[in-house]
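Presented below is the structure to which this report refers.
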Amino acid sequence: MTTKREAEMSASAIDAFLARHETGVLSLARDDAPYAIPISYGYDEDARETFLRLVSTVDSEKREFLGSDPDARLVVYEEDEGSYTSVVAVGTLERVDPATLTPETIAQYGETRRPRSRRAADGSRR
């Protein structure tokens with residue numbers, strides 16, 4: 001077993017890391033119940049904000065969690081030759097009304113895209 005080694009990243013290193021990635025895992029918590037999903041995001045380095053594209057059906061568990069104003073964490077990570085780097089962003093989610101979107105605000109989303117999912121043999125999404 002190897003020794004755990006951690007290093008703090010500077011704000012500029014965090015910005016660069018988040019800007020060069022586009023997917024992560026969004027974790028939500030509500031009444032001691034966790035929920036985690038893969039998501040696509042864009043990152044605005046100037047505002048230091050992430051913009052998430054969340055797609056759900058009307059009766060989805062994701063929508064139930066989002067409707068409860070949960071605490072949120074976004075985990076973005078990579079592995080490079082046996083070394084792992086990760087950033088954990090902690091905050092609250094704020095819904096953007098689609099009617100308020102302009103070409104300028106949409107540009108903030110960067111290259112967000114819907115992560116592909118696979119259907120399991122039982123029909124559930126993975």
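Within each chain, counting starts at residue 1; across the structure tokens, chains are named A, B, ... in the order shown, with ligands numbered 1 upward in that order.
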So that I can check the surroundings of range 87-89 of chain A, please list as a PDB file with all heavy atoms, in the first residue's frame every protein, DNA and RNA residue that reaches within 12 Å of it, counting only C-alpha atoms and ignoring chain neighbours fewer than 2 positions away.
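Result file selection.pdb:
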```
ATOM      1  N   GLU A   6      -1.240  14.384  -0.680  1.00  0.00           N
ATOM      2  CA  GLU A   6      -2.138  15.421  -1.153  1.00  0.00           C
ATOM      3  C   GLU A   6      -1.357  16.700  -1.364  1.00  0.00           C
ATOM      4  O   GLU A   6      -0.382  16.960  -0.673  1.00  0.00           O
ATOM      5  CB  GLU A   6      -3.253  15.692  -0.138  1.00  0.00           C
ATOM      6  CG  GLU A   6      -4.208  14.539   0.032  1.00  0.00           C
ATOM      7  CD  GLU A   6      -5.325  14.864   1.007  1.00  0.00           C
ATOM      8  OE1 GLU A   6      -5.556  16.053   1.288  1.00  0.00           O
ATOM      9  OE2 GLU A   6      -5.966  13.922   1.480  1.00  0.00           O
ATOM     10  N   ALA A   7      -1.812  17.497  -2.318  1.00  0.00           N
ATOM     11  CA  ALA A   7      -1.192  18.791  -2.564  1.00  0.00           C
ATOM     12  C   ALA A   7      -2.298  19.790  -2.861  1.00  0.00           C
ATOM     13  O   ALA A   7      -3.267  19.479  -3.540  1.00  0.00           O
ATOM     14  CB  ALA A   7      -0.229  18.713  -3.741  1.00  0.00           C
ATOM     15  N   GLU A   8      -2.154  20.972  -2.321  1.00  0.00           N
ATOM     16  CA  GLU A   8      -3.109  22.040  -2.591  1.00  0.00           C
ATOM     17  C   GLU A   8      -2.857  22.591  -3.986  1.00  0.00           C
ATOM     18  O   GLU A   8      -1.712  22.716  -4.419  1.00  0.00           O
ATOM     19  CB  GLU A   8      -2.935  23.176  -1.573  1.00  0.00           C
ATOM     20  CG  GLU A   8      -3.358  22.812  -0.169  1.00  0.00           C
ATOM     21  CD  GLU A   8      -4.858  22.864   0.012  1.00  0.00           C
ATOM     22  OE1 GLU A   8      -5.510  23.734  -0.590  1.00  0.00           O
ATOM     23  OE2 GLU A   8      -5.370  22.015   0.768  1.00  0.00           O
ATOM     24  N   MET A   9      -3.925  22.924  -4.684  1.00  0.00           N
ATOM     25  CA  MET A   9      -3.803  23.561  -5.991  1.00  0.00           C
ATOM     26  C   MET A   9      -4.050  25.060  -5.827  1.00  0.00           C
ATOM     27  O   MET A   9      -4.901  25.467  -5.029  1.00  0.00           O
ATOM     28  CB  MET A   9      -4.843  22.985  -6.965  1.00  0.00           C
ATOM     29  CG  MET A   9      -4.619  21.531  -7.317  1.00  0.00           C
ATOM     30  SD  MET A   9      -5.979  20.835  -8.324  1.00  0.00           S
ATOM     31  CE  MET A   9      -5.661  21.601  -9.903  1.00  0.00           C
ATOM     32  N   SER A  10      -3.332  25.855  -6.586  1.00  0.00           N
ATOM     33  CA  SER A  10      -3.570  27.303  -6.566  1.00  0.00           C
ATOM     34  C   SER A  10      -4.890  27.589  -7.276  1.00  0.00           C
ATOM     35  O   SER A  10      -5.416  26.752  -8.019  1.00  0.00           O
ATOM     36  CB  SER A  10      -2.435  28.029  -7.283  1.00  0.00           C
ATOM     37  OG  SER A  10      -2.457  27.717  -8.672  1.00  0.00           O
ATOM     38  N   ALA A  11      -5.423  28.781  -7.072  1.00  0.00           N
ATOM     39  CA  ALA A  11      -6.670  29.172  -7.733  1.00  0.00           C
ATOM     40  C   ALA A  11      -6.514  29.114  -9.244  1.00  0.00           C
ATOM     41  O   ALA A  11      -7.419  28.643  -9.954  1.00  0.00           O
ATOM     42  CB  ALA A  11      -7.092  30.566  -7.283  1.00  0.00           C
ATOM     43  N   ALA A  13      -4.486  27.182 -10.941  1.00  0.00           N
ATOM     44  CA  ALA A  13      -4.404  25.770 -11.344  1.00  0.00           C
ATOM     45  C   ALA A  13      -5.791  25.130 -11.335  1.00  0.00           C
ATOM     46  O   ALA A  13      -6.117  24.336 -12.227  1.00  0.00           O
ATOM     47  CB  ALA A  13      -3.460  25.006 -10.425  1.00  0.00           C
ATOM     48  N   ILE A  14      -6.617  25.482 -10.360  1.00  0.00           N
ATOM     49  CA  ILE A  14      -7.995  24.980 -10.305  1.00  0.00           C
ATOM     50  C   ILE A  14      -8.772  25.474 -11.518  1.00  0.00           C
ATOM     51  O   ILE A  14      -9.470  24.711 -12.182  1.00  0.00           O
ATOM     52  CB  ILE A  14      -8.685  25.396  -8.993  1.00  0.00           C
ATOM     53  CG1 ILE A  14      -8.055  24.647  -7.816  1.00  0.00           C
ATOM     54  CG2 ILE A  14     -10.195  25.155  -9.060  1.00  0.00           C
ATOM     55  CD1 ILE A  14      -8.487  25.146  -6.456  1.00  0.00           C
ATOM     56  N   ASP A  15      -8.639  26.776 -11.822  1.00  0.00           N
ATOM     57  CA  ASP A  15      -9.328  27.341 -12.985  1.00  0.00           C
ATOM     58  C   ASP A  15      -8.921  26.623 -14.265  1.00  0.00           C
ATOM     59  O   ASP A  15      -9.768  26.252 -15.088  1.00  0.00           O
ATOM     60  CB  ASP A  15      -9.032  28.834 -13.123  1.00  0.00           C
ATOM     61  CG  ASP A  15      -9.700  29.669 -12.044  1.00  0.00           C
ATOM     62  OD1 ASP A  15     -10.687  29.197 -11.440  1.00  0.00           O
ATOM     63  OD2 ASP A  15      -9.236  30.798 -11.811  1.00  0.00           O
ATOM     64  N   ALA A  16      -7.638  26.405 -14.455  1.00  0.00           N
ATOM     65  CA  ALA A  16      -7.143  25.737 -15.663  1.00  0.00           C
ATOM     66  C   ALA A  16      -7.654  24.298 -15.734  1.00  0.00           C
ATOM     67  O   ALA A  16      -8.050  23.821 -16.802  1.00  0.00           O
ATOM     68  CB  ALA A  16      -5.620  25.771 -15.699  1.00  0.00           C
ATOM     69  N   PHE A  17      -7.656  23.606 -14.601  1.00  0.00           N
ATOM     70  CA  PHE A  17      -8.127  22.219 -14.545  1.00  0.00           C
ATOM     71  C   PHE A  17      -9.603  22.139 -14.928  1.00  0.00           C
ATOM     72  O   PHE A  17     -10.004  21.326 -15.768  1.00  0.00           O
ATOM     73  CB  PHE A  17      -7.896  21.661 -13.135  1.00  0.00           C
ATOM     74  CG  PHE A  17      -8.253  20.215 -12.983  1.00  0.00           C
ATOM     75  CD1 PHE A  17      -7.337  19.224 -13.294  1.00  0.00           C
ATOM     76  CD2 PHE A  17      -9.496  19.836 -12.504  1.00  0.00           C
ATOM     77  CE1 PHE A  17      -7.660  17.880 -13.142  1.00  0.00           C
ATOM     78  CE2 PHE A  17      -9.834  18.501 -12.349  1.00  0.00           C
ATOM     79  CZ  PHE A  17      -8.908  17.526 -12.673  1.00  0.00           C
ATOM     80  N   LEU A  18     -10.433  22.983 -14.309  1.00  0.00           N
ATOM     81  CA  LEU A  18     -11.865  22.956 -14.599  1.00  0.00           C
ATOM     82  C   LEU A  18     -12.162  23.399 -16.031  1.00  0.00           C
ATOM     83  O   LEU A  18     -13.084  22.882 -16.663  1.00  0.00           O
ATOM     84  CB  LEU A  18     -12.624  23.829 -13.603  1.00  0.00           C
ATOM     85  CG  LEU A  18     -12.649  23.314 -12.161  1.00  0.00           C
ATOM     86  CD1 LEU A  18     -13.294  24.332 -11.237  1.00  0.00           C
ATOM     87  CD2 LEU A  18     -13.366  21.972 -12.073  1.00  0.00           C
ATOM     88  N   ALA A  19     -11.374  24.322 -16.560  1.00  0.00           N
ATOM     89  CA  ALA A  19     -11.604  24.823 -17.912  1.00  0.00           C
ATOM     90  C   ALA A  19     -11.274  23.777 -18.977  1.00  0.00           C
ATOM     91  O   ALA A  19     -11.884  23.758 -20.037  1.00  0.00           O
ATOM     92  CB  ALA A  19     -10.795  26.090 -18.148  1.00  0.00           C
ATOM     93  N   HIS A  21     -11.614  20.490 -18.711  1.00  0.00           N
ATOM     94  CA  HIS A  21     -12.500  19.328 -18.635  1.00  0.00           C
ATOM     95  C   HIS A  21     -13.921  19.755 -18.964  1.00  0.00           C
ATOM     96  O   HIS A  21     -14.246  20.940 -18.953  1.00  0.00           O
ATOM     97  CB  HIS A  21     -12.440  18.701 -17.238  1.00  0.00           C
ATOM     98  CG  HIS A  21     -11.129  18.036 -16.971  1.00  0.00           C
ATOM     99  ND1 HIS A  21     -10.032  18.719 -16.533  1.00  0.00           N
ATOM    100  CD2 HIS A  21     -10.751  16.751 -17.107  1.00  0.00           C
ATOM    101  CE1 HIS A  21      -9.016  17.880 -16.398  1.00  0.00           C
ATOM    102  NE2 HIS A  21      -9.425  16.681 -16.759  1.00  0.00           N
ATOM    103  N   THR A  23     -16.672  17.178 -18.131  1.00  0.00           N
ATOM    104  CA  THR A  23     -17.572  16.271 -17.424  1.00  0.00           C
ATOM    105  C   THR A  23     -17.094  16.049 -16.000  1.00  0.00           C
ATOM    106  O   THR A  23     -15.915  16.202 -15.691  1.00  0.00           O
ATOM    107  CB  THR A  23     -17.692  14.897 -18.130  1.00  0.00           C
ATOM    108  OG1 THR A  23     -16.399  14.300 -18.186  1.00  0.00           O
ATOM    109  CG2 THR A  23     -18.269  15.022 -19.517  1.00  0.00           C
ATOM    110  N   GLY A  24     -18.034  15.692 -15.143  1.00  0.00           N
ATOM    111  CA  GLY A  24     -17.724  15.397 -13.754  1.00  0.00           C
ATOM    112  C   GLY A  24     -18.881  14.643 -13.135  1.00  0.00           C
ATOM    113  O   GLY A  24     -19.784  14.168 -13.835  1.00  0.00           O
ATOM    114  N   VAL A  25     -18.858  14.542 -11.828  1.00  0.00           N
ATOM    115  CA  VAL A  25     -19.928  13.874 -11.086  1.00  0.00           C
ATOM    116  C   VAL A  25     -20.546  14.896 -10.148  1.00  0.00           C
ATOM    117  O   VAL A  25     -19.850  15.503  -9.328  1.00  0.00           O
ATOM    118  CB  VAL A  25     -19.400  12.665 -10.286  1.00  0.00           C
ATOM    119  CG1 VAL A  25     -20.520  12.040  -9.461  1.00  0.00           C
ATOM    120  CG2 VAL A  25     -18.791  11.631 -11.229  1.00  0.00           C
ATOM    121  N   LEU A  26     -21.845  15.103 -10.295  1.00  0.00           N
ATOM    122  CA  LEU A  26     -22.580  16.000  -9.416  1.00  0.00           C
ATOM    123  C   LEU A  26     -23.195  15.167  -8.307  1.00  0.00           C
ATOM    124  O   LEU A  26     -23.923  14.204  -8.571  1.00  0.00           O
ATOM    125  CB  LEU A  26     -23.690  16.728 -10.193  1.00  0.00           C
ATOM    126  CG  LEU A  26     -24.587  17.638  -9.355  1.00  0.00           C
ATOM    127  CD1 LEU A  26     -23.790  18.808  -8.783  1.00  0.00           C
ATOM    128  CD2 LEU A  26     -25.754  18.133 -10.196  1.00  0.00           C
ATOM    129  N   SER A  27     -22.882  15.523  -7.060  1.00  0.00           N
ATOM    130  CA  SER A  27     -23.438  14.824  -5.906  1.00  0.00           C
ATOM    131  C   SER A  27     -24.377  15.770  -5.173  1.00  0.00           C
ATOM    132  O   SER A  27     -24.015  16.918  -4.888  1.00  0.00           O
ATOM    133  CB  SER A  27     -22.327  14.372  -4.962  1.00  0.00           C
ATOM    134  OG  SER A  27     -21.486  13.457  -5.618  1.00  0.00           O
ATOM    135  N   TYR A  43     -17.254  26.004 -17.805  1.00  0.00           N
ATOM    136  CA  TYR A  43     -16.632  26.738 -16.701  1.00  0.00           C
ATOM    137  C   TYR A  43     -16.263  28.143 -17.154  1.00  0.00           C
ATOM    138  O   TYR A  43     -15.621  28.324 -18.189  1.00  0.00           O
ATOM    139  CB  TYR A  43     -15.381  26.009 -16.197  1.00  0.00           C
ATOM    140  CG  TYR A  43     -14.760  26.659 -14.993  1.00  0.00           C
ATOM    141  CD1 TYR A  43     -15.423  26.655 -13.772  1.00  0.00           C
ATOM    142  CD2 TYR A  43     -13.524  27.294 -15.068  1.00  0.00           C
ATOM    143  CE1 TYR A  43     -14.872  27.261 -12.661  1.00  0.00           C
ATOM    144  CE2 TYR A  43     -12.968  27.894 -13.953  1.00  0.00           C
ATOM    145  CZ  TYR A  43     -13.645  27.874 -12.751  1.00  0.00           C
ATOM    146  OH  TYR A  43     -13.096  28.480 -11.640  1.00  0.00           O
ATOM    147  N   ARG A  48     -15.545  32.351 -12.079  1.00  0.00           N
ATOM    148  CA  ARG A  48     -15.294  31.153 -11.284  1.00  0.00           C
ATOM    149  C   ARG A  48     -16.600  30.422 -10.979  1.00  0.00           C
ATOM    150  O   ARG A  48     -16.878  30.021  -9.868  1.00  0.00           O
ATOM    151  CB  ARG A  48     -14.520  31.461 -10.006  1.00  0.00           C
ATOM    152  CG  ARG A  48     -13.176  32.113 -10.288  1.00  0.00           C
ATOM    153  CD  ARG A  48     -12.235  32.070  -9.144  1.00  0.00           C
ATOM    154  NE  ARG A  48     -11.572  30.756  -9.188  1.00  0.00           N
ATOM    155  CZ  ARG A  48     -11.061  30.161  -8.127  1.00  0.00           C
ATOM    156  NH1 ARG A  48     -11.123  30.731  -6.974  1.00  0.00           N
ATOM    157  NH2 ARG A  48     -10.494  28.981  -8.238  1.00  0.00           N
ATOM    158  N   GLU A  49     -17.414  30.239 -12.037  1.00  0.00           N
ATOM    159  CA  GLU A  49     -18.696  29.552 -11.929  1.00  0.00           C
ATOM    160  C   GLU A  49     -18.753  28.409 -12.923  1.00  0.00           C
ATOM    161  O   GLU A  49     -18.223  28.503 -14.023  1.00  0.00           O
ATOM    162  CB  GLU A  49     -19.857  30.509 -12.251  1.00  0.00           C
ATOM    163  CG  GLU A  49     -20.032  31.610 -11.251  1.00  0.00           C
ATOM    164  CD  GLU A  49     -21.169  32.547 -11.634  1.00  0.00           C
ATOM    165  OE1 GLU A  49     -21.438  32.730 -12.837  1.00  0.00           O
ATOM    166  OE2 GLU A  49     -21.781  33.103 -10.707  1.00  0.00           O
ATOM    167  N   THR A  50     -19.441  27.346 -12.507  1.00  0.00           N
ATOM    168  CA  THR A  50     -19.704  26.245 -13.425  1.00  0.00           C
ATOM    169  C   THR A  50     -21.151  26.342 -13.875  1.00  0.00           C
ATOM    170  O   THR A  50     -22.030  26.789 -13.129  1.00  0.00           O
ATOM    171  CB  THR A  50     -19.464  24.870 -12.772  1.00  0.00           C
ATOM    172  OG1 THR A  50     -20.227  24.799 -11.570  1.00  0.00           O
ATOM    173  CG2 THR A  50     -18.014  24.643 -12.469  1.00  0.00           C
ATOM    174  N   ASP A  71     -27.869  20.522  -1.046  1.00  0.00           N
ATOM    175  CA  ASP A  71     -26.451  20.880  -1.069  1.00  0.00           C
ATOM    176  C   ASP A  71     -25.856  20.169  -2.271  1.00  0.00           C
ATOM    177  O   ASP A  71     -26.323  19.107  -2.672  1.00  0.00           O
ATOM    178  CB  ASP A  71     -25.750  20.389   0.202  1.00  0.00           C
ATOM    179  CG  ASP A  71     -26.254  21.095   1.451  1.00  0.00           C
ATOM    180  OD1 ASP A  71     -26.660  22.270   1.350  1.00  0.00           O
ATOM    181  OD2 ASP A  71     -26.231  20.468   2.517  1.00  0.00           O
ATOM    182  N   ALA A  72     -24.804  20.753  -2.873  1.00  0.00           N
ATOM    183  CA  ALA A  72     -24.245  20.153  -4.081  1.00  0.00           C
ATOM    184  C   ALA A  72     -22.721  20.184  -4.052  1.00  0.00           C
ATOM    185  O   ALA A  72     -22.109  21.100  -3.507  1.00  0.00           O
ATOM    186  CB  ALA A  72     -24.751  20.904  -5.309  1.00  0.00           C
ATOM    187  N   ARG A  73     -22.133  19.158  -4.665  1.00  0.00           N
ATOM    188  CA  ARG A  73     -20.692  19.088  -4.900  1.00  0.00           C
ATOM    189  C   ARG A  73     -20.478  18.583  -6.314  1.00  0.00           C
ATOM    190  O   ARG A  73     -21.140  17.650  -6.754  1.00  0.00           O
ATOM    191  CB  ARG A  73     -20.008  18.126  -3.929  1.00  0.00           C
ATOM    192  CG  ARG A  73     -19.969  18.646  -2.512  1.00  0.00           C
ATOM    193  CD  ARG A  73     -19.316  17.640  -1.582  1.00  0.00           C
ATOM    194  NE  ARG A  73     -19.437  18.121  -0.228  1.00  0.00           N
ATOM    195  CZ  ARG A  73     -18.412  18.516   0.515  1.00  0.00           C
ATOM    196  NH1 ARG A  73     -17.193  18.428   0.053  1.00  0.00           N
ATOM    197  NH2 ARG A  73     -18.601  18.960   1.723  1.00  0.00           N
ATOM    198  N   LEU A  74     -19.548  19.211  -7.002  1.00  0.00           N
ATOM    199  CA  LEU A  74     -19.153  18.772  -8.330  1.00  0.00           C
ATOM    200  C   LEU A  74     -17.733  18.254  -8.225  1.00  0.00           C
ATOM    201  O   LEU A  74     -16.832  18.967  -7.767  1.00  0.00           O
ATOM    202  CB  LEU A  74     -19.207  19.932  -9.327  1.00  0.00           C
ATOM    203  CG  LEU A  74     -18.648  19.634 -10.728  1.00  0.00           C
ATOM    204  CD1 LEU A  74     -19.458  18.546 -11.415  1.00  0.00           C
ATOM    205  CD2 LEU A  74     -18.614  20.906 -11.559  1.00  0.00           C
ATOM    206  N   VAL A  75     -17.527  16.993  -8.610  1.00  0.00           N
ATOM    207  CA  VAL A  75     -16.210  16.371  -8.562  1.00  0.00           C
ATOM    208  C   VAL A  75     -15.728  16.172  -9.997  1.00  0.00           C
ATOM    209  O   VAL A  75     -16.405  15.542 -10.804  1.00  0.00           O
ATOM    210  CB  VAL A  75     -16.247  15.010  -7.835  1.00  0.00           C
ATOM    211  CG1 VAL A  75     -14.866  14.368  -7.814  1.00  0.00           C
ATOM    212  CG2 VAL A  75     -16.808  15.171  -6.423  1.00  0.00           C
ATOM    213  N   VAL A  76     -14.573  16.749 -10.291  1.00  0.00           N
ATOM    214  CA  VAL A  76     -13.935  16.598 -11.598  1.00  0.00           C
ATOM    215  C   VAL A  76     -12.571  15.986 -11.330  1.00  0.00           C
ATOM    216  O   VAL A  76     -11.844  16.441 -10.438  1.00  0.00           O
ATOM    217  CB  VAL A  76     -13.790  17.961 -12.313  1.00  0.00           C
ATOM    218  CG1 VAL A  76     -13.115  17.805 -13.669  1.00  0.00           C
ATOM    219  CG2 VAL A  76     -15.154  18.627 -12.452  1.00  0.00           C
ATOM    220  N   TYR A  77     -12.222  14.947 -12.081  1.00  0.00           N
ATOM    221  CA  TYR A  77     -10.972  14.248 -11.781  1.00  0.00           C
ATOM    222  C   TYR A  77     -10.334  13.713 -13.050  1.00  0.00           C
ATOM    223  O   TYR A  77     -10.977  13.599 -14.087  1.00  0.00           O
ATOM    224  CB  TYR A  77     -11.206  13.118 -10.782  1.00  0.00           C
ATOM    225  CG  TYR A  77     -12.168  12.071 -11.273  1.00  0.00           C
ATOM    226  CD1 TYR A  77     -11.712  10.930 -11.927  1.00  0.00           C
ATOM    227  CD2 TYR A  77     -13.538  12.226 -11.109  1.00  0.00           C
ATOM    228  CE1 TYR A  77     -12.594   9.972 -12.384  1.00  0.00           C
ATOM    229  CE2 TYR A  77     -14.427  11.271 -11.571  1.00  0.00           C
ATOM    230  CZ  TYR A  77     -13.937  10.152 -12.210  1.00  0.00           C
ATOM    231  OH  TYR A  77     -14.824   9.203 -12.677  1.00  0.00           O
ATOM    232  N   GLU A  78      -9.053  13.378 -12.928  1.00  0.00           N
ATOM    233  CA  GLU A  78      -8.322  12.747 -14.031  1.00  0.00           C
ATOM    234  C   GLU A  78      -7.207  11.886 -13.463  1.00  0.00           C
ATOM    235  O   GLU A  78      -6.753  12.103 -12.339  1.00  0.00           O
ATOM    236  CB  GLU A  78      -7.743  13.786 -14.992  1.00  0.00           C
ATOM    237  CG  GLU A  78      -6.586  14.586 -14.418  1.00  0.00           C
ATOM    238  CD  GLU A  78      -6.043  15.642 -15.378  1.00  0.00           C
ATOM    239  OE1 GLU A  78      -6.646  15.891 -16.422  1.00  0.00           O
ATOM    240  OE2 GLU A  78      -5.011  16.226 -15.044  1.00  0.00           O
ATOM    241  N   TYR A  84      -3.339  10.915  -9.646  1.00  0.00           N
ATOM    242  CA  TYR A  84      -4.720  11.377  -9.713  1.00  0.00           C
ATOM    243  C   TYR A  84      -4.796  12.848  -9.311  1.00  0.00           C
ATOM    244  O   TYR A  84      -4.151  13.266  -8.354  1.00  0.00           O
ATOM    245  CB  TYR A  84      -5.618  10.576  -8.771  1.00  0.00           C
ATOM    246  CG  TYR A  84      -5.786   9.151  -9.198  1.00  0.00           C
ATOM    247  CD1 TYR A  84      -4.882   8.186  -8.779  1.00  0.00           C
ATOM    248  CD2 TYR A  84      -6.817   8.766 -10.026  1.00  0.00           C
ATOM    249  CE1 TYR A  84      -5.013   6.864  -9.184  1.00  0.00           C
ATOM    250  CE2 TYR A  84      -6.960   7.454 -10.427  1.00  0.00           C
ATOM    251  CZ  TYR A  84      -6.060   6.513 -10.003  1.00  0.00           C
ATOM    252  OH  TYR A  84      -6.184   5.211 -10.400  1.00  0.00           O
ATOM    253  N   THR A  85      -5.593  13.585 -10.032  1.00  0.00           N
ATOM    254  CA  THR A  85      -5.861  14.985  -9.699  1.00  0.00           C
ATOM    255  C   THR A  85      -7.365  15.151  -9.661  1.00  0.00           C
ATOM    256  O   THR A  85      -8.078  14.629 -10.522  1.00  0.00           O
ATOM    257  CB  THR A  85      -5.265  15.929 -10.760  1.00  0.00           C
ATOM    258  OG1 THR A  85      -3.870  15.673 -10.879  1.00  0.00           O
ATOM    259  CG2 THR A  85      -5.484  17.382 -10.382  1.00  0.00           C
ATOM    260  N   GLY A  91     -21.142  24.047  -3.412  1.00  0.00           N
ATOM    261  CA  GLY A  91     -21.989  25.230  -3.521  1.00  0.00           C
ATOM    262  C   GLY A  91     -23.450  24.882  -3.635  1.00  0.00           C
ATOM    263  O   GLY A  91     -23.862  23.769  -3.321  1.00  0.00           O
ATOM    264  N   THR A  92     -24.205  25.847  -4.103  1.00  0.00           N
ATOM    265  CA  THR A  92     -25.630  25.652  -4.309  1.00  0.00           C
ATOM    266  C   THR A  92     -25.935  25.768  -5.800  1.00  0.00           C
ATOM    267  O   THR A  92     -25.196  26.409  -6.547  1.00  0.00           O
ATOM    268  CB  THR A  92     -26.451  26.711  -3.537  1.00  0.00           C
ATOM    269  OG1 THR A  92     -26.019  28.006  -3.940  1.00  0.00           O
ATOM    270  CG2 THR A  92     -26.269  26.564  -2.039  1.00  0.00           C
ATOM    271  N   LEU A  93     -27.006  25.146  -6.200  1.00  0.00           N
ATOM    272  CA  LEU A  93     -27.427  25.198  -7.590  1.00  0.00           C
ATOM    273  C   LEU A  93     -28.433  26.324  -7.762  1.00  0.00           C
ATOM    274  O   LEU A  93     -29.278  26.553  -6.894  1.00  0.00           O
ATOM    275  CB  LEU A  93     -28.061  23.872  -8.002  1.00  0.00           C
ATOM    276  CG  LEU A  93     -27.172  22.640  -7.895  1.00  0.00           C
ATOM    277  CD1 LEU A  93     -27.969  21.393  -8.238  1.00  0.00           C
ATOM    278  CD2 LEU A  93     -25.976  22.775  -8.812  1.00  0.00           C
TER     279      LEU A  93
END
```
task = Step one, run DSSP on the backbone; step two, keep only residues of range 38-81 of chain A assigned to strand (DSSP E); then write them as a list of chain:residue names.
result = A:Pro38, A:Ile39, A:Ser40, A:Tyr41, A:Gly42, A:Tyr43, A:Asp44, A:Glu49, A:Thr50, A:Phe51, A:Leu52, A:Arg53, A:Asp71, A:Ala72, A:Arg73, A:Leu74, A:Val75, A:Val76, A:Tyr77, A:Glu78, A:Glu79, A:Asp80
request  = Point out the residue among A:Leu66, A:Leu28, A:Leu101, A:Leu54 with the least atom-to-atom distance to Ser40 in chain A, counting only C-alpha atoms.
outcome  = A:Leu54
ask   = What is the distance, in Å and to one decimal place, between CA of Arg95 in chain A and CA of Pro34 in chain A?
value = 20.1 Å
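Within range 20-110 of chain A, the backbone-based DSSP assignment of helix (DSSP H, G or I) covers A:Arg20, A:Glu61, A:Lys62, A:Arg63, A:Glu64, A:Phe65, A:Leu66, A:Pro98, A:Ala99, A:Thr100, A:Pro103, A:Glu104, A:Thr105, A:Ile106, A:Ala107.
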